[in-house]
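*Asks:* Input file: model.pdb. Contents: PDB, C-alpha atoms.
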ATOM      1  CA  PRO A   1     -87.055  60.955-244.128
ATOM      2  CA  VAL A   2     -85.085  63.953-242.877
ATOM      3  CA  LEU A   3     -85.720  67.123-244.880
ATOM      4  CA  THR A   4     -82.841  69.128-246.245
ATOM      5  CA  ALA A   5     -82.565  72.793-245.310
ATOM      6  CA  ASN A   6     -83.791  73.760-248.776
ATOM      7  CA  GLU A   7     -86.803  71.427-248.537
ATOM      8  CA  THR A   8     -87.611  72.765-245.068
ATOM      9  CA  THR A   9     -87.595  76.413-246.157
ATOM     10  CA  THR A  10     -89.675  75.600-249.242
ATOM     11  CA  LEU A  11     -92.317  73.880-247.104
ATOM     12  CA  LEU A  12     -92.253  76.737-244.591
ATOM     13  CA  THR A  13     -92.787  79.304-247.346
ATOM     14  CA  SER A  14     -95.746  77.294-248.626
ATOM     15  CA  ASN A  15     -97.268  76.872-245.156
ATOM     16  CA  THR A  16     -96.852  80.571-244.412
ATOM     17  CA  ALA A  17     -98.583  81.507-247.671
ATOM     18  CA  THR A  18    -101.440  79.156-246.798
ATOM     19  CA  ALA A  19    -101.715  80.753-243.344
ATOM     20  CA  VAL A  20    -101.893  84.259-244.783
ATOM     21  CA  SER A  21    -104.538  83.202-247.320
ATOM     22  CA  ALA A  22    -106.568  81.433-244.630
ATOM     23  CA  ALA A  23    -106.472  84.541-242.415
ATOM     24  CA  GLU A  24    -107.702  86.727-245.261
ATOM     25  CA  SER A  25    -110.604  84.365-245.990
ATOM     26  CA  GLY A  26    -111.424  83.808-242.301
ATOM     27  CA  ASP A  27    -110.648  80.076-242.419
ATOM     28  CA  LEU A  28    -109.580  79.603-238.807
ATOM     29  CA  SER A  29    -109.129  75.819-238.966
ATOM     30  CA  THR A  30    -106.731  75.995-241.913
ATOM     31  CA  LEU A  31    -104.888  78.896-240.313
ATOM     32  CA  ALA A  32    -104.386  76.962-237.073
ATOM     33  CA  THR A  33    -103.106  73.910-238.942
ATOM     34  CA  SER A  34    -100.747  75.985-241.102
ATOM     35  CA  ILE A  35     -99.275  77.741-238.063
ATOM     36  CA  GLU A  36     -98.805  74.425-236.267
ATOM     37  CA  ASN A  37     -97.052  72.948-239.314
ATOM     38  CA  SER A  38     -94.889  76.055-239.589
ATOM     39  CA  LEU A  39     -93.971  75.786-235.917
ATOM     40  CA  SER A  40     -92.719  72.218-236.484
ATOM     41  CA  LEU A  41     -90.590  73.359-239.433
ATOM     42  CA  ILE A  42     -89.182  76.376-237.604
ATOM     43  CA  GLY A  43     -88.327  74.110-234.684
ATOM     44  CA  THR A  44     -85.881  72.155-236.855
ATOM     45  CA  GLY A  45     -83.508  75.130-236.864
ATOM     46  CA  ASN A  46     -83.007  74.758-240.626
ATOM     47  CA  THR A  47     -85.097  77.692-241.816
ATOM     48  CA  GLY A  48     -82.611  80.557-241.473
ATOM     49  CA  ASP A  49     -83.820  83.957-242.697
ATOM     50  CA  THR A  50     -86.973  82.355-244.080
ATOM     51  CA  GLY A  51     -87.994  81.398-240.557
ATOM     52  CA  THR A  52     -87.410  84.937-239.309
ATOM     53  CA  SER A  53     -89.574  86.477-242.027
ATOM     54  CA  SER A  54     -92.241  83.777-241.706
ATOM     55  CA  VAL A  55     -92.914  84.422-238.028
ATOM     56  CA  ASP A  56     -93.806  88.047-238.779
ATOM     57  CA  SER A  57     -96.261  86.855-241.411
ATOM     58  CA  LEU A  58     -97.749  84.290-239.020
ATOM     59  CA  LEU A  59     -98.261  86.881-236.284
ATOM     60  CA  ASP A  60     -99.803  89.254-238.815
ATOM     61  CA  ALA A  61    -102.140  86.475-239.956
ATOM     62  CA  ALA A  62    -103.162  85.784-236.348
ATOM     63  CA  ALA A  63    -103.805  89.484-235.705
ATOM     64  CA  THR A  64    -105.829  89.744-238.921
ATOM     65  CA  VAL A  65    -108.175  86.882-238.132
ATOM     66  CA  VAL A  66    -108.664  88.101-234.554
ATOM     67  CA  SER A  67    -109.869  91.440-235.885
ATOM     68  CA  THR A  68    -111.947  90.267-238.837
ATOM     69  CA  ALA A  69    -113.494  86.875-238.025
ATOM     70  CA  PRO A  70    -116.825  87.001-236.143
ATOM     71  CA  ASP A  71    -116.839  86.274-232.403
ATOM     72  CA  THR A  72    -118.760  83.113-231.587
ATOM     73  CA  THR A  73    -118.306  80.475-228.920
ATOM     74  CA  GLU A  74    -116.337  78.347-231.391
ATOM     75  CA  THR A  75    -114.218  81.070-232.992
ATOM     76  CA  ILE A  76    -113.245  82.706-229.699
ATOM     77  CA  THR A  77    -111.511  79.487-228.618
ATOM     78  CA  GLN A  78    -109.941  79.040-232.068
ATOM     79  CA  LYS A  79    -108.601  82.606-232.027
ATOM     80  CA  ALA A  80    -106.968  82.117-228.626
ATOM     81  CA  ASP A  81    -105.328  78.896-229.836
ATOM     82  CA  ILE A  82    -104.074  80.608-233.012
ATOM     83  CA  ILE A  83    -102.433  83.420-231.019
ATOM     84  CA  ARG A  84    -100.782  80.887-228.692
ATOM     85  CA  LYS A  85     -99.375  78.883-231.613
ATOM     86  CA  ALA A  86     -98.223  81.974-233.524
ATOM     87  CA  THR A  87     -96.429  83.258-230.416
ATOM     88  CA  LYS A  88     -94.679  79.902-229.945
ATOM     89  CA  ALA A  89     -93.613  79.961-233.593
ATOM     90  CA  ALA A  90     -92.205  83.479-233.235
ATOM     91  CA  ILE A  91     -90.197  82.552-230.139
ATOM     92  CA  ALA A  92     -88.951  79.358-231.824
ATOM     93  CA  GLY A  93     -87.853  81.362-234.864
ATOM     94  CA  ASN A  94     -86.127  84.271-233.133
ATOM     95  CA  GLY A  95     -85.397  82.974-229.650
ATOM     96  CA  GLN A  96     -87.302  85.962-228.306
ATOM     97  CA  LEU A  97     -90.097  88.230-229.492
ATOM     98  CA  THR A  98     -89.173  91.621-230.836
ATOM     99  CA  GLN A  99     -90.856  94.600-229.192
ATOM    100  CA  THR A 100     -93.148  94.983-232.217
ATOM    101  CA  GLN A 101     -94.103  91.300-232.129
ATOM    102  CA  ALA A 102     -94.760  91.402-228.385
ATOM    103  CA  ASN A 103     -96.959  94.486-228.762
ATOM    104  CA  LYS A 104     -98.885  92.860-231.594
ATOM    105  CA  THR A 105     -99.422  89.695-229.561
ATOM    106  CA  VAL A 106    -100.697  91.355-226.392
ATOM    107  CA  GLN A 107    -103.093  93.545-228.386
ATOM    108  CA  ALA A 108    -104.432  90.446-230.160
ATOM    109  CA  ILE A 109    -104.977  88.726-226.799
ATOM    110  CA  LYS A 110    -106.875  91.723-225.458
ATOM    111  CA  LYS A 111    -108.928  91.828-228.674
ATOM    112  CA  VAL A 112    -109.966  88.189-228.189
ATOM    113  CA  LEU A 113    -110.911  88.830-224.568
ATOM    114  CA  GLY A 114    -112.864  91.908-225.629
ATOM    115  CA  GLY A 115    -114.937  89.679-227.912
ATOM    116  CA  LEU A 116    -116.195  87.601-225.008
ATOM    117  CA  SER A 117    -119.801  88.102-223.953
ATOM    118  CA  SER A 118    -122.349  86.426-221.745
ATOM    119  CA  SER A 119    -123.319  84.322-224.786
ATOM    120  CA  SER A 120    -119.757  83.021-225.240
ATOM    121  CA  TYR A 121    -119.875  79.712-223.413
ATOM    122  CA  VAL A 122    -116.143  79.083-223.484
ATOM    123  CA  ASP A 123    -114.406  76.543-221.265
ATOM    124  CA  TYR A 124    -112.129  78.575-219.030
ATOM    125  CA  SER A 125    -110.837  75.519-217.190
ATOM    126  CA  ASP A 126    -109.929  73.660-220.385
ATOM    127  CA  ASP A 127    -109.473  74.563-224.076
ATOM    128  CA  PHE A 128    -110.076  78.307-224.075
ATOM    129  CA  GLY A 129    -108.503  78.921-220.685
ATOM    130  CA  SER A 130    -105.328  77.004-221.503
ATOM    131  CA  SER A 131    -105.050  78.686-224.917
ATOM    132  CA  VAL A 132    -105.416  82.263-223.704
ATOM    133  CA  THR A 133    -103.201  81.795-220.635
ATOM    134  CA  GLY A 134    -100.731  79.971-222.879
ATOM    135  CA  ALA A 135    -100.661  82.991-225.185
ATOM    136  CA  ILE A 136    -100.099  85.294-222.199
ATOM    137  CA  ALA A 137     -97.403  82.942-220.868
ATOM    138  CA  GLY A 138     -95.645  83.268-224.226
ATOM    139  CA  LEU A 139     -95.128  86.953-223.460
ATOM    140  CA  VAL A 140     -93.676  86.368-220.003
ATOM    141  CA  ASN A 141     -89.918  87.065-219.933
ATOM    142  CA  GLN A 142     -90.139  88.421-223.491
ATOM    143  CA  SER A 143     -90.516  92.149-222.903
ATOM    144  CA  ASP A 144     -90.228  94.012-219.596
ATOM    145  CA  SER A 145     -91.934  97.056-221.100
ATOM    146  CA  LEU A 146     -95.232  95.169-221.544
ATOM    147  CA  GLY A 147     -95.813  94.521-217.837
ATOM    148  CA  GLN A 148     -98.825  96.807-217.528
ATOM    149  CA  GLU A 149    -100.358  95.531-220.775
ATOM    150  CA  ILE A 150     -99.985  91.916-219.637
ATOM    151  CA  SER A 151    -101.468  92.784-216.233
ATOM    152  CA  GLN A 152    -104.458  94.408-217.970
ATOM    153  CA  ALA A 153    -104.957  91.317-220.146
ATOM    154  CA  VAL A 154    -104.903  89.082-217.066
ATOM    155  CA  ASP A 155    -107.485  91.272-215.310
ATOM    156  CA  GLN A 156    -109.588  91.319-218.482
ATOM    157  CA  LEU A 157    -109.554  87.515-218.520
ATOM    158  CA  GLY A 158    -110.464  87.432-214.833
ATOM    159  CA  GLN A 159    -113.428  89.749-215.326
ATOM    160  CA  ALA A 160    -114.724  87.571-218.154
ATOM    161  CA  MET A 161    -114.335  84.465-215.994
ATOM    162  CA  GLY A 162    -116.301  86.170-213.230
ATOM    163  CA  SER A 163    -119.542  85.710-215.168
ATOM    164  CA  SER A 164    -119.064  81.939-214.934
ATOM    165  CA  VAL A 165    -118.758  81.584-211.157
ATOM    166  CA  SER A 166    -121.237  81.776-208.313
ATOM    167  CA  GLU A 167    -120.853  82.830-204.703
ATOM    168  CA  GLY A 168    -119.281  80.095-202.626
ATOM    169  CA  GLN A 169    -118.137  78.080-205.644
ATOM    170  CA  ASP A 170    -114.627  76.607-205.667
ATOM    171  CA  PRO A 171    -112.058  78.704-207.562
ATOM    172  CA  LEU A 172    -112.367  78.679-211.352
ATOM    173  CA  THR A 173    -108.811  78.441-212.719
ATOM    174  CA  ALA A 174    -107.422  78.991-216.204
ATOM    175  CA  SER A 175    -103.839  77.788-216.428
ATOM    176  CA  SER A 176    -101.049  77.121-218.896
ATOM    177  CA  GLY A 177     -97.278  77.394-218.758
ATOM    178  CA  GLY A 178     -96.169  80.115-216.378
ATOM    179  CA  VAL A 179     -99.554  81.790-215.849
ATOM    180  CA  GLN A 180    -102.433  80.772-213.560
ATOM    181  CA  VAL A 181    -105.571  82.915-213.187
ATOM    182  CA  SER A 182    -108.327  82.078-210.682
ATOM    183  CA  VAL A 183    -111.638  83.755-209.940
ATOM    184  CA  GLN A 184    -113.821  83.515-206.843
ATOM    185  CA  LYS A 185    -116.950  85.137-205.437
ATOM    186  CA  PHE A 186    -117.595  85.069-201.713
ATOM    187  CA  ASP A 187    -120.857  85.057-199.792
ATOM    188  CA  LEU A 188    -119.515  86.395-196.512
ATOM    189  CA  GLU A 189    -122.892  86.060-194.781
ATOM    190  CA  SER A 190    -123.403  82.409-195.683
ATOM    191  CA  THR A 191    -123.592  79.848-192.913
ATOM    192  CA  ASN A 192    -121.155  77.821-195.022
ATOM    193  CA  SER A 193    -118.384  80.192-194.023
ATOM    194  CA  VAL A 194    -115.430  80.844-196.320
ATOM    195  CA  LYS A 195    -113.371  82.218-193.443
ATOM    196  CA  ASP A 196    -110.523  80.394-191.738
ATOM    197  CA  SER A 197    -110.031  80.268-187.980
ATOM    198  CA  ASN A 198    -108.376  83.699-188.057
ATOM    199  CA  GLY A 199    -111.243  85.371-189.898
ATOM    200  CA  ASN A 200    -109.423  85.465-193.240
ATOM    201  CA  VAL A 201    -110.677  84.650-196.721
ATOM    202  CA  LEU A 202    -108.274  82.575-198.828
ATOM    203  CA  LEU A 203    -107.749  83.399-202.499
ATOM    204  CA  LYS A 204    -106.204  80.389-204.238
ATOM    205  CA  HIS A 205    -106.208  78.208-207.339
ATOM    206  CA  ASP A 206    -108.264  75.083-207.890
ATOM    207  CA  ALA A 207    -107.141  71.708-206.582
ATOM    208  CA  ASN A 208    -105.664  70.696-209.957
ATOM    209  CA  THR A 209    -103.142  73.565-210.043
ATOM    210  CA  THR A 210     -99.655  72.906-208.712
ATOM    211  CA  GLY A 211     -98.077  75.305-206.242
ATOM    212  CA  THR A 212     -99.218  76.542-202.844
ATOM    213  CA  GLN A 213     -99.363  80.285-203.426
ATOM    214  CA  GLU A 214    -102.348  82.010-201.915
ATOM    215  CA  VAL A 215    -103.546  85.345-200.568
ATOM    216  CA  GLN A 216    -105.124  85.756-197.137
ATOM    217  CA  ILE A 217    -107.288  88.827-196.762
ATOM    218  CA  SER A 218    -109.456  89.776-193.811
ATOM    219  CA  ALA A 219    -113.127  88.927-194.321
ATOM    220  CA  ASP A 220    -113.911  92.290-192.718
ATOM    221  CA  THR A 221    -112.011  94.010-195.540
ATOM    222  CA  LEU A 222    -114.055  92.211-198.184
ATOM    223  CA  ALA A 223    -117.263  92.816-196.211
ATOM    224  CA  ALA A 224    -116.927  96.520-196.986
ATOM    225  CA  PHE A 225    -117.556  95.610-200.641
ATOM    226  CA  ALA A 226    -120.334  93.056-200.003
ATOM    227  CA  SER A 227    -123.092  95.192-201.561
ATOM    228  CA  LEU A 228    -121.048  95.484-204.780
ATOM    229  CA  ASN A 229    -120.980  91.704-205.390
ATOM    230  CA  PRO A 230    -117.182  91.646-205.619
ATOM    231  CA  VAL A 231    -115.218  89.295-207.869
ATOM    232  CA  THR A 232    -111.644  88.464-206.883
ATOM    233  CA  VAL A 233    -109.032  87.683-209.535
ATOM    234  CA  PHE A 234    -105.990  85.855-208.138
ATOM    235  CA  THR A 235    -102.949  85.436-210.395
ATOM    236  CA  THR A 236     -99.591  83.717-210.113
ATOM    237  CA  SER A 237     -97.036  83.814-212.897
ATOM    238  CA  ASP A 238     -93.410  84.010-213.838
ATOM    239  CA  SER A 239     -92.184  87.589-213.715
ATOM    240  CA  TYR A 240     -93.156  89.887-216.596
ATOM    241  CA  LEU A 241     -92.012  93.124-214.946
ATOM    242  CA  PRO A 242     -88.611  94.878-215.024
ATOM    243  CA  ARG A 243     -86.071  93.509-212.588
ATOM    244  CA  ASN A 244     -85.339  95.461-209.426
ATOM    245  CA  PRO A 245     -81.654  96.442-209.728
ATOM    246  CA  ASN A 246     -81.271  95.909-205.973
ATOM    247  CA  ALA A 247     -82.443  92.293-206.148
ATOM    248  CA  THR A 248     -80.127  89.462-207.218
ATOM    249  CA  GLU A 249     -82.938  86.890-207.398
ATOM    250  CA  ARG A 250     -86.706  87.153-207.686
ATOM    251  CA  SER A 251     -89.726  84.936-207.243
ATOM    252  CA  GLY A 252     -92.686  84.785-209.566
ATOM    253  CA  ILE A 253     -95.474  87.358-209.294
ATOM    254  CA  VAL A 254     -98.433  86.857-206.972
ATOM    255  CA  SER A 255    -101.264  89.350-207.313
ATOM    256  CA  PHE A 256    -104.974  89.844-206.867
ATOM    257  CA  THR A 257    -107.556  92.380-207.992
ATOM    258  CA  ILE A 258    -111.098  92.972-206.762
ATOM    259  CA  PHE A 259    -113.807  94.117-209.176
ATOM    260  CA  ASP A 260    -117.415  95.048-208.591
ATOM    261  CA  SER A 261    -120.211  93.467-210.630
ATOM    262  CA  SER A 262    -119.841  96.199-213.274
ATOM    263  CA  GLY A 263    -116.156  95.474-213.824
ATOM    264  CA  ASN A 264    -114.810  98.476-211.923
ATOM    265  CA  GLU A 265    -111.616  97.855-209.973
ATOM    266  CA  LEU A 266    -112.006  98.358-206.222
ATOM    267  CA  GLU A 267    -109.184  99.915-204.234
ATOM    268  CA  VAL A 268    -107.989  98.168-201.077
ATOM    269  CA  THR A 269    -105.712 100.333-198.925
ATOM    270  CA  ASP A 270    -104.616 100.738-195.321
ATOM    271  CA  THR A 271    -106.048  97.423-194.141
ATOM    272  CA  GLU A 272    -105.966  96.902-190.384
ATOM    273  CA  ASN A 273    -104.318  93.475-190.508
ATOM    274  CA  GLY A 274    -102.644  93.756-193.900
ATOM    275  CA  ILE A 275    -102.883  91.315-196.773
ATOM    276  CA  LEU A 276    -100.838  88.153-196.344
ATOM    277  CA  ILE A 277     -99.353  86.712-199.536
ATOM    278  CA  LYS A 278     -97.931  83.192-199.470
ATOM    279  CA  ILE A 279     -95.153  82.638-202.021
ATOM    280  CA  SER A 280     -93.627  79.296-202.997
ATOM    281  CA  LEU A 281     -89.872  79.348-203.614
ATOM    282  CA  THR A 282     -87.819  77.116-205.910
ATOM    283  CA  SER A 283     -84.966  76.907-203.398
ATOM    284  CA  PRO A 284     -85.078  76.978-199.592
ATOM    285  CA  ILE A 285     -84.209  79.952-197.418
ATOM    286  CA  PHE A 286     -82.095  79.136-194.373
ATOM    287  CA  ASN A 287     -81.046  81.470-191.616
ATOM    288  CA  ASN A 288     -77.394  81.269-192.690
ATOM    289  CA  ASN A 289     -78.090  82.250-196.308
ATOM    290  CA  THR A 290     -75.874  84.999-197.664
ATOM    291  CA  TRP A 291     -78.828  86.770-199.243
ATOM    292  CA  ASP A 292     -81.667  88.475-197.420
ATOM    293  CA  PRO A 293     -85.169  88.125-198.950
ATOM    294  CA  PHE A 294     -87.614  91.024-198.916
ATOM    295  CA  CYS A 295     -91.111  91.830-200.174
ATOM    296  CA  GLN A 296     -91.760  94.369-202.888
ATOM    297  CA  PHE A 297     -94.628  95.557-205.045
ATOM    298  CA  TYR A 298     -94.581  97.176-208.463
ATOM    299  CA  ASN A 299     -95.891 100.739-208.562
ATOM    300  CA  TYR A 300     -97.246 101.427-212.052
ATOM    301  CA  THR A 301     -97.348 105.166-211.291
ATOM    302  CA  THR A 302     -93.654 105.514-210.442
ATOM    303  CA  ILE A 303     -92.679 102.594-212.741
ATOM    304  CA  ALA A 304     -90.549 101.098-209.985
ATOM    305  CA  TRP A 305     -90.444  98.387-207.359
ATOM    306  CA  GLU A 306     -91.214  99.645-203.830
ATOM    307  CA  THR A 307     -91.176  98.075-200.374
ATOM    308  CA  ASN A 308     -93.038 100.589-198.214
ATOM    309  CA  GLY A 309     -95.949  99.042-196.334
ATOM    310  CA  CYS A 310     -94.636  95.492-196.817
ATOM    311  CA  SER A 311     -92.786  93.136-194.514
ATOM    312  CA  GLY A 312     -91.872  89.478-194.902
ATOM    313  CA  TYR A 313     -90.805  86.354-193.090
ATOM    314  CA  VAL A 314     -89.887  82.734-193.773
ATOM    315  CA  ASP A 315     -92.308  80.004-192.707
ATOM    316  CA  PRO A 316     -90.485  78.438-189.701
ATOM    317  CA  ASN A 317     -91.857  75.029-190.676
ATOM    318  CA  ASP A 318     -91.178  75.251-194.405
ATOM    319  CA  PHE A 319     -88.068  76.983-195.768
ATOM    320  CA  TYR A 320     -89.575  76.864-199.274
ATOM    321  CA  THR A 321     -92.379  79.233-198.240
ATOM    322  CA  TYR A 322     -92.148  82.984-197.720
ATOM    323  CA  TYR A 323     -94.891  85.297-196.496
ATOM    324  CA  CYS A 324     -95.342  88.934-197.468
ATOM    325  CA  ASN A 325     -97.651  91.128-195.398
ATOM    326  CA  CYS A 326     -98.666  94.322-197.181
ATOM    327  CA  THR A 327    -101.063  96.983-195.992
TER     328      THR A 327
END
Would you mind writing the file out in structure tokens?

*Replies:*
Amino acid sequence: PVLTANETTTLLTSNTATAVSAAESGDLSTLATSIENSLSLIGTGNTGDTGTSSVDSLLDAAATVVSTAPDTTETITQKADIIRKATKAAIAGNGQLTQTQANKTVQAIKKVLGGLSSSSYVDYSDDFGSSVTGAIAGLVNQSDSLGQEISQAVDQLGQAMGSSVSEGQDPLTASSGGVQVSVQKFDLESTNSVKDSNGNVLLKHDANTTGTQEVQISADTLAAFASLNPVTVFTTSDSYLPRNPNATERSGIVSFTIFDSSGNELEVTDTENGILIKISLTSPIFNNNTWDPFCQFYNYTTIAWETNGCSGYVDPNDFYTYYCNCT
């Protein structure tokens, strides 16, 4: 039977109350079920102001349980799933997260990632990975002002994933929605070379991830960090940064970060051959196009998009592929 608007709001109020109670008692399973049920009710579009007020309560419940429930292998995955579902419910209820809701969500994600340890045997390529990247993806296109926070959460996830990969192993990828995060470690002295014919190391996603984006970086550049056991974190996503006012269209974001074994970010600058970033486009670029593509990077110090040190060109054999070379 189809519920009336009054029946829908009554059920939503009850589910929300159950979610809040479950969060206070640390009952993660009941909380997850209550949020999922609430999401279905909110999705009907018949909840009005009740739906708007409920999503705040659901996000608060998610934030509460993230902070108070103990961190174990099981609860870490449950927490990530709860944040993902609560974020979906909030977007379904309001169409877009408010700034307060977005802030609350990203802090909860970072709190979950901070609870990871070497004893947390989570499945980055499946349940946990899809839940936490799904929660991050929920923030994409929601708030331009959270770009740096989202970037930090992605790097935090990548560092945690680094403890689960070995040198020479295929990329470990966590993926959901508009966010893909992959981690690799390279043994540059191995006879099973990771270098291509041009002496570059390829940072990419696993074979199950759609898209052809990748980063090519000189093996000699990485060799400078060999003694630090570097971990590379390669990320592709929809854009979560402010739009460049000079750009009419924009691709997704392609980025990578290198960390040492202690989790310290390593700075890569003034490379001899640059860093080549391969970007997949949703529409082809032809020579007679009326718009002129260009490469840009986001400077978190100046809080602006910049182009210095970067050049770009279209793949002559594939008009859906664009290359950016940045030094």

*Asks:* List the residues selected by the PyMOL selection byres ((chain A and resi 40) around 12) in the file shown, writing them as a PyMOL selection string.

*Replies:* chain A and resi 8-9+11-12+15+33-39+41-47+51+85-86+88-90+92-93

*Asks:* Next, write the just-selected residues to a file, as a tab-separated table (two decimals), in the coordinates of the input, keeping C-alpha atoms as the atom set.

*Replies:*
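Contents of the output file result-v8.tsv:
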chain	number	residue	atom	x	y	z
A	8	THR	CA	-87.61	72.76	-245.07
A	9	THR	CA	-87.60	76.41	-246.16
A	11	LEU	CA	-92.32	73.88	-247.10
A	12	LEU	CA	-92.25	76.74	-244.59
A	15	ASN	CA	-97.27	76.87	-245.16
A	33	THR	CA	-103.11	73.91	-238.94
A	34	SER	CA	-100.75	75.98	-241.10
A	35	ILE	CA	-99.28	77.74	-238.06
A	36	GLU	CA	-98.80	74.42	-236.27
A	37	ASN	CA	-97.05	72.95	-239.31
A	38	SER	CA	-94.89	76.06	-239.59
A	39	LEU	CA	-93.97	75.79	-235.92
A	41	LEU	CA	-90.59	73.36	-239.43
A	42	ILE	CA	-89.18	76.38	-237.60
A	43	GLY	CA	-88.33	74.11	-234.68
A	44	THR	CA	-85.88	72.16	-236.86
A	45	GLY	CA	-83.51	75.13	-236.86
A	46	ASN	CA	-83.01	74.76	-240.63
A	47	THR	CA	-85.10	77.69	-241.82
A	51	GLY	CA	-87.99	81.40	-240.56
A	85	LYS	CA	-99.38	78.88	-231.61
A	86	ALA	CA	-98.22	81.97	-233.52
A	88	LYS	CA	-94.68	79.90	-229.94
A	89	ALA	CA	-93.61	79.96	-233.59
A	90	ALA	CA	-92.20	83.48	-233.24
A	92	ALA	CA	-88.95	79.36	-231.82
A	93	GLY	CA	-87.85	81.36	-234.86

*Asks:* Would you compute the distance between atom CA of Asp127 of chain A and atom CA of Leu202 of chain A? Give it in Å to one decimal.

*Replies:*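 These two atoms are separated by 26.5 Å.
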
*Asks:* At a cut-off of 10 Å, using only C-alpha atoms, what residues contact segment 97-100 of chain A? Leave out same-chain residues fewer than 6 positions from it and give the result as a list in words.

*Replies:*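 Everything that qualifies: Val55, Asp56, Thr87, Lys88, Ala89, Ala90, Ile91, Gly138, Leu139, Asn141, Gln142, Ser143, Asp144, Ser145 and Leu146 of chain A.
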
*Asks:* Could you check the closest approach to Phe256 of chain A for each of A:Leu222, A:Val181, A:Thr209, A:Tyr298 and tell me which residue wins, using all atoms listed in the file?

*Replies:* A:Val181

*Asks:* Spell out the residues picked by the PyMOL selection byres ((chain A and resi 186) around 6) here, as a ChimeraX atom specification.

*Replies:* /A:167-168,185,187-188

*Asks:* Could you list, as a list in words, every residue within 12 Å of Ser197 of chain A, counting all atoms listed in the file and ignoring same-chain residues fewer than 4 positions away?

*Replies:* Ser193, Val201, Leu202, Gln216, Ser218 and Ala219 of chain A

*Asks:* Using only C-alpha atoms, which residue out of A:Gly147, A:Glu214, A:Leu58, A:Ser164 lies closest to Lys278 of chain A?

*Replies:*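 Looking only at the distances to Lys278 of chain A, the closest residue turns out to be A:Glu214.
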
*Asks:* Applying the PyMOL selection byres ((chain A and resi 22) around 12) to the file I just gave you, which residues come out? Please list them as a short mmCIF file (atom, residue, chain, number, x, y, z; two decimals) with C-alpha atoms, in the frame of the given file.

*Replies:*
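Output saved as out-v3.cif:
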data_model
loop_
_atom_site.label_atom_id
_atom_site.label_comp_id
_atom_site.auth_asym_id
_atom_site.auth_seq_id
_atom_site.Cartn_x
_atom_site.Cartn_y
_atom_site.Cartn_z
CA ASN A 15 -97.27 76.87 -245.16
CA THR A 16 -96.85 80.57 -244.41
CA ALA A 17 -98.58 81.51 -247.67
CA THR A 18 -101.44 79.16 -246.80
CA ALA A 19 -101.72 80.75 -243.34
CA VAL A 20 -101.89 84.26 -244.78
CA SER A 21 -104.54 83.20 -247.32
CA ALA A 23 -106.47 84.54 -242.42
CA GLU A 24 -107.70 86.73 -245.26
CA SER A 25 -110.60 84.36 -245.99
CA GLY A 26 -111.42 83.81 -242.30
CA ASP A 27 -110.65 80.08 -242.42
CA LEU A 28 -109.58 79.60 -238.81
CA SER A 29 -109.13 75.82 -238.97
CA THR A 30 -106.73 76.00 -241.91
CA LEU A 31 -104.89 78.90 -240.31
CA ALA A 32 -104.39 76.96 -237.07
CA THR A 33 -103.11 73.91 -238.94
CA SER A 34 -100.75 75.98 -241.10
CA ILE A 35 -99.28 77.74 -238.06
CA LEU A 58 -97.75 84.29 -239.02
CA ASP A 60 -99.80 89.25 -238.82
CA ALA A 61 -102.14 86.48 -239.96
CA ALA A 62 -103.16 85.78 -236.35
CA THR A 64 -105.83 89.74 -238.92
CA VAL A 65 -108.18 86.88 -238.13
CA THR A 68 -111.95 90.27 -238.84
CA ALA A 69 -113.49 86.88 -238.02
CA ILE A 82 -104.07 80.61 -233.01
#

*Asks:* Just checking: using only C-alpha atoms, which residue out of A:Ser283, A:Gln148, A:Ser237, A:Thr232 ends up closest to Thr301 of chain A?

*Replies:* A:Gln148

*Asks:* What gap, in Å, lies between atom CA of Phe128 of chain A and atom CA of Ile253 of chain A?

*Replies:*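 Atom-to-atom, atom CA of Phe128 of chain A to atom CA of Ile253 of chain A, that is 22.7 Å.
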
*Asks:* Calculated over all atoms listed in the file, which of the candidates A:Tyr320, A:Gly177, A:Ser151, A:Ser57 has the smallest distance to Arg84 of chain A?

*Replies:*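 Smallest separation from Arg84 of chain A among the options: A:Gly177.
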
*Asks:* Do you have the atom CA of Val254 of chain A-atom CA of Val122 of chain A distance handy?

*Replies:*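 Between atom CA of Val254 of chain A and atom CA of Val122 of chain A the gap works out to 25.4 Å.
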
*Asks:* Here is a test: counting only C-alpha atoms, which residue of A:Gln296, A:Ser182, A:Ser131, A:Asn308 is nearest to Asp270 of chain A?

*Replies:* A:Asn308
